[in-house]
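Take a look at the structure below.
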Amino acid sequence: MDFVEDYVEASDLQRRDAKDVIDEFCYEIKKMQGNCLDIGCGPGFVTKKLLLPILEHDVQLVANTTGADISETMVSYAQKHNADEKLSYIVLDIEAPELPSDQIERYKNILSFYCLHWCNDLRFALQNVYKLLQSDGKALIAFLGHHGGFDEYVRCKQNPRYQQYLQDAHRYVPYFQRMKISTNYKTSIEISLRKMLQDIGFKILHCSKREKSYRYSKQSLKDHAYAVNPFIHRLPDDIREEFIDHLVNEIISHNGLVPFESTKNEQDMYKNIVLRYYLMIAYVQKLPAAA
């Protein structure tokens, strides 16, 4: 996601859901003391506008763009537009085989919104979250468990016109959604997430799966699909628009998107489209090492 301006204009969904989670856990966030890390900060708006005002004045907040598709461009934008004396930005890959030594056990609190579903190996990413936390440190994370739009990446891969650019399409399907596709995964993803967190060593303070929805117009869906698309930079300029149109039409046709208003006018039909998805939320603590 290196098209920062496009993401800034088309990320209302991410900001809305992040605000909902922050509002719900506002009491816990207000009590946070010590270093904080916001994993997957993107352009920095959620970090600066939603998180920073809630945190205590003595909290040092360090925001990071992280995940499967790390964007130095995002970090540069955040540093330019959303940094101040309390807030700075670094590049950090939460799936890195070896984390920077100066980051290990540096943070008392970790927050992450709309990032970890981009990770190819969610368990490994969460293990790295564990390593970044200090003893007794806490992490509040929210990420997509299932979103029908990602299935369309795999379908688009079958189209000969786009196939060469989408060879790793499965890689960008959220972890639990991908497991369901590849292994007929039937266990509740909430139960699976709980087990994963416990196996890593976290104490679970909260874990839930939320069914959410978002209302789009066809144009806003197209803008969103472009802004978060991991393949768009690979495509030749002359087929990017065509690909996004194809992707959006696939999303509409396979996800049961129904307009709010019945109308015979096809142009008006897609002014209001609802897309449903699951958001995973976990609030966990790293327990002290046994004596």
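Just so we're on the same page: first chain in the structure tokens is A, next is B, and so on; residues restart at 1 for each chain, and ligands are numbered from 1 in the order they show up.
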
Which residues of stretch 12-124 of chain A come within 10 Å of stretch 158-182 of chain A, and for each one, what is the closest pair of atoms and their distance in Å to one decimal, counting only C-alpha atoms, sorted by chain and residue number, as JSON lines?
{"residue": "A:Ala68", "atom": "CA", "partner": "A:Tyr172", "partner_atom": "CA", "distance": 8.6}
{"residue": "A:Asp69", "atom": "CA", "partner": "A:Tyr172", "partner_atom": "CA", "distance": 9.7}
{"residue": "A:Leu116", "atom": "CA", "partner": "A:Pro174", "partner_atom": "CA", "distance": 8.4}
{"residue": "A:His117", "atom": "CA", "partner": "A:Pro174", "partner_atom": "CA", "distance": 4.7}
{"residue": "A:Trp118", "atom": "CA", "partner": "A:Tyr172", "partner_atom": "CA", "distance": 6.1}
{"residue": "A:Cys119", "atom": "CA", "partner": "A:Tyr175", "partner_atom": "CA", "distance": 7.3}
{"residue": "A:Asn120", "atom": "CA", "partner": "A:Arg171", "partner_atom": "CA", "distance": 6.0}
{"residue": "A:Asp121", "atom": "CA", "partner": "A:Tyr175", "partner_atom": "CA", "distance": 7.1}
{"residue": "A:Leu122", "atom": "CA", "partner": "A:Tyr175", "partner_atom": "CA", "distance": 6.4}
{"residue": "A:Arg123", "atom": "CA", "partner": "A:Tyr175", "partner_atom": "CA", "distance": 9.3}

Test item, alpha helix (DSSP H) assignment across stretch 121-234 of chain A, answer as a PyMOL selection string = chain A and resi 122-132+148-157+175-183+189-200+218-227

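Counting only C-alpha atoms and comparing A:Leu99, A:Ile189, A:Ser220, A:Gln285, the residue that lies closest to A:Ile204 is A:Gln285.
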
Using 10 Å as the limit and counting only C-alpha atoms, can you tabulate each residue of stretch 187-207 of chain A that touches stretch 140-157 of chain A, with its shortest atom-to-atom distance in Å and the two atoms involved, as a Markdown table?
| residue | atom | partner | partner_atom | distance |
| --- | --- | --- | --- | --- |
| A:Ile189 | CA | A:Gly145 | CA | 7.3 |
| A:Glu190 | CA | A:Gly145 | CA | 8.8 |
| A:Leu193 | CA | A:Gly145 | CA | 9.6 |
| A:Leu205 | CA | A:Leu140 | CA | 9.6 |
| A:His206 | CA | A:Leu140 | CA | 9.1 |
| A:Cys207 | CA | A:Ile141 | CA | 9.6 |

Atoms to include: N, CA and C atoms. Write the selected residues as an mmCIF file, in the first residue's frame.
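Here's the written file selection_13.cif:
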data_model
loop_
_atom_site.group_PDB
_atom_site.id
_atom_site.type_symbol
_atom_site.label_atom_id
_atom_site.label_comp_id
_atom_site.auth_asym_id
_atom_site.auth_seq_id
_atom_site.Cartn_x
_atom_site.Cartn_y
_atom_site.Cartn_z
ATOM 1 N N ILE A 189 -13.210 -19.358 14.485
ATOM 2 C CA ILE A 189 -11.955 -18.619 14.449
ATOM 3 C C ILE A 189 -11.676 -17.936 15.789
ATOM 4 N N GLU A 190 -12.706 -17.643 16.553
ATOM 5 C CA GLU A 190 -12.468 -17.070 17.883
ATOM 6 C C GLU A 190 -11.786 -18.088 18.784
ATOM 7 N N LEU A 193 -8.201 -18.446 17.617
ATOM 8 C CA LEU A 193 -7.365 -17.330 18.039
ATOM 9 C C LEU A 193 -7.025 -17.432 19.525
ATOM 10 N N LEU A 205 -7.254 -11.378 28.256
ATOM 11 C CA LEU A 205 -8.151 -10.490 28.995
ATOM 12 C C LEU A 205 -9.464 -10.306 28.249
ATOM 13 N N HIS A 206 -9.393 -10.408 26.934
ATOM 14 C CA HIS A 206 -10.596 -10.328 26.092
ATOM 15 C C HIS A 206 -10.250 -10.924 24.733
ATOM 16 N N CYS A 207 -11.215 -11.645 24.161
ATOM 17 C CA CYS A 207 -11.051 -12.152 22.796
ATOM 18 C C CYS A 207 -12.445 -12.340 22.208
#

May I have the residues within 10 Å of A:Thr47 as a PyMOL selection string, using only C-alpha atoms and disregarding those fewer than 2 positions away in the same chain?
-> chain A and resi 18+37-45+49-53+61-64+78+82-83+87+111-113

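If you look at atom CA of A:Met32 and atom CA of A:Lys195, they are 25.8 Å away from each other.
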
Could you please determine the separation between atom CA of A:Lys19 and atom CA of A:His224 in Å, to one decimal place?
-> 18.3 Å

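Distance check against A:Arg215 using only C-alpha atoms: of A:Lys203, A:Arg276, A:Arg194, A:Lys80, the minimum falls on A:Arg276.
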
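With only C-alpha atoms as the atoms that count, the residue of A:Cys115, A:Glu242, A:Ser76, A:Gln127 with the shortest distance to A:Ala96 is A:Gln127.
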
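One distance worth recording is that between atom CA of A:Tyr226 and atom CA of A:Ile90, which is 25.0 Å.
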
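Shortest separation to A:Ala282 among A:Tyr107, A:Tyr27, A:Tyr77, A:Phe202 occurs at residue A:Phe202, atoms counted being only C-alpha atoms.
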